[in-house]
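Structure first, commentary second.
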Amino acid sequence: VLFLSSDSDSDSANIVGFLECLDLHIPDKESKERSAGWPWFVAPDTCIHRPYPFELDTEWQTHLTSIRVSLNNKKGLLKKLEIGRKGLLELLRSLSIREIPLLESESSNMLFYCALYDLPAHEINKIAGDEKNDFRVAMALIRDSLAMVGGRTLQLCTIRDLFSRHPTATEGDMTKQKECTLSADTLAYIMVKTGIETFLFHNEAVSIKKLRIAVEKADQVGKTKYWKKYGWVLEGGLDEFRHRCTTSQTEPKYCGLAGSRMCSSSKKQSEWITGSLVFSFKAIIGALTLSAGLSGMWNCMLPLMDETLLLTASELDRVYGMKNSNRGKSRTRGPRS
């Protein structure tokens, strides 16, 4: 874990734990040359405001170059992945509240191809050991790393955002709020509502089709509840919603969410239905983080996540009947003496 400081007000202090999640070559104490990847240990090159310097990391460059060469010989596969990559970035740019980097470097392209190539686990096991499909296994392994990075960075940015939005929230309150924002139901729902799932390679998988049906049902139930509250779940209606949003969003889009689940069911969706989409979402976030830096990633993701960060813990209790599973963590935030 590294503690980094920055000139930016929004990133004045960051505890970055995602760096150690990457299975990258990290030089030993005797090898602190830039060519050996040493920039990981200095603030300017730790993915806060800029991409990871892949050109300085021989191991990553070798893997990404090998995948690029293999994809160039698989024109059909490459074409579909490129269509997905371009579509995804166009969508994110259309939603972003700030300018998004071009993200057109070869390394960035390869990362997004890996993130979008949602090869099922049983197919990976089937082709393991087949030299003709080595590049597919390599893409799956990189995708694992991207999902790990994405999961950590999404959690980091979510906690930081909740901390600034709800200054009086206790530790237990923030745990509940984070649980709602980062639950499998929430992330999978966002994937479908925004259309991100359509850019995945296997975008017509059975689990995705079932989730689309679940999202449609949840929206039908949720819309009824929203209209009873003048357009939103709180009495203030749309005026209160717009007051709380930090983006330019003028009305709720996620009416099918009820805290940490979809409002068409009293239980969360089966992991079999949401698991693959949640993993893909995190892989995409990992690709964004390494391609645009932590700040760039959150500029892309905040318009998608903003609506899930608006309610306080007490409001989640009142509106959705969420029980506090962290009663022993109701102490106030801050350093402990």
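To be explicit about the labels: the chains of the structure tokens are called A, B, and onward in the order shown, and within each one the residues are counted from 1, while ligands get numbers from 1 in the order they are shown.
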
Name all residues at most 8 Å from Leu81 in chain A (count only C-alpha atoms; drop same-chain ones fewer than 5 positions away) and give them as a list in words.
Tyr113, Leu116, Tyr117, Leu200 and Phe201 of chain A

I need the residues of range 70-265 of chain A that end up classed as strand (DSSP E or B) by DSSP on the backbone, written out as number ranges by chain.
A: 257-258, 261-262

Excluding Met139 in chain A and any residue of its chain fewer than 6 positions from it, enumerate the residues within 12 Å of it, using only C-alpha atoms, and give them as an MDAnalysis selection string.
chainID A and resid 63:68 70:71 110:119 124 133 145:146 283

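Note that CA of Ser248 in chain A and CA of Glu197 in chain A are 23.5 Å apart.
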
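Of note, CA of Ala292 in chain A and CA of Pro101 in chain A are spaced 6.7 Å apart.
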
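The interatomic distance for the pair CA of Val221 in chain A and CA of Leu257 in chain A works out to 9.7 Å.
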
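If you count only C-alpha atoms and ignore residues fewer than 5 places along the chain from Ile100 in chain A, what sits within 8 Å of it is Arg93, Gly296, Asn299 and Cys300 of chain A.
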
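Closest to Lys210 in chain A among A:Asn73, A:Ser270, A:Thr58, A:Thr224 is A:Ser270, based on only C-alpha atoms.
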
Near-Glu240 in chain A list (12 Å; only C-alpha atoms; drop same-chain fewer than 4 positions) as a PyMOL selection string:
chain A and resi 229-236+244-245+250-252+310-311

Polymer residues at most 10 Å from Cys157 in chain A, only C-alpha atoms, same-chain spacing of 2 or more positions, as a ChimeraX atom specification:
/A:11,14,152-155,159-163,294-295,297-298,301-302

Residue contacts of Leu95 in chain A (8 Å, only C-alpha atoms) excluding same-chain residues fewer than 3 positions away, as number ranges by chain
A: 91-92, 300, 303-304

Per-residue DSSP, range 12-261 of chain A, filtered to helix (DSSP H, G or I), as a ChimeraX atom specification
/A:18-21,34-36,38-41,43-45,54-56,58-72,75-95,106-116,121-127,131-165,171-182,184-194,196-199,206-228,237-244

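Nearest residue to Met305 in chain A among A:Ser207, A:Gln269, A:Asn125, A:Gln249 is A:Gln249, counting only C-alpha atoms.
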
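Here the question is which of A:Ala313, A:Ile284, A:Val137, A:Met262 gets nearest to Gly222 in chain A using only C-alpha atoms, and that residue is A:Met262.
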
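Candidate residues A:Tyr189, A:Trp60, A:Phe241, A:Phe279 were compared for distance to Leu211 in chain A, and the nearest is A:Tyr189, using only C-alpha atoms.
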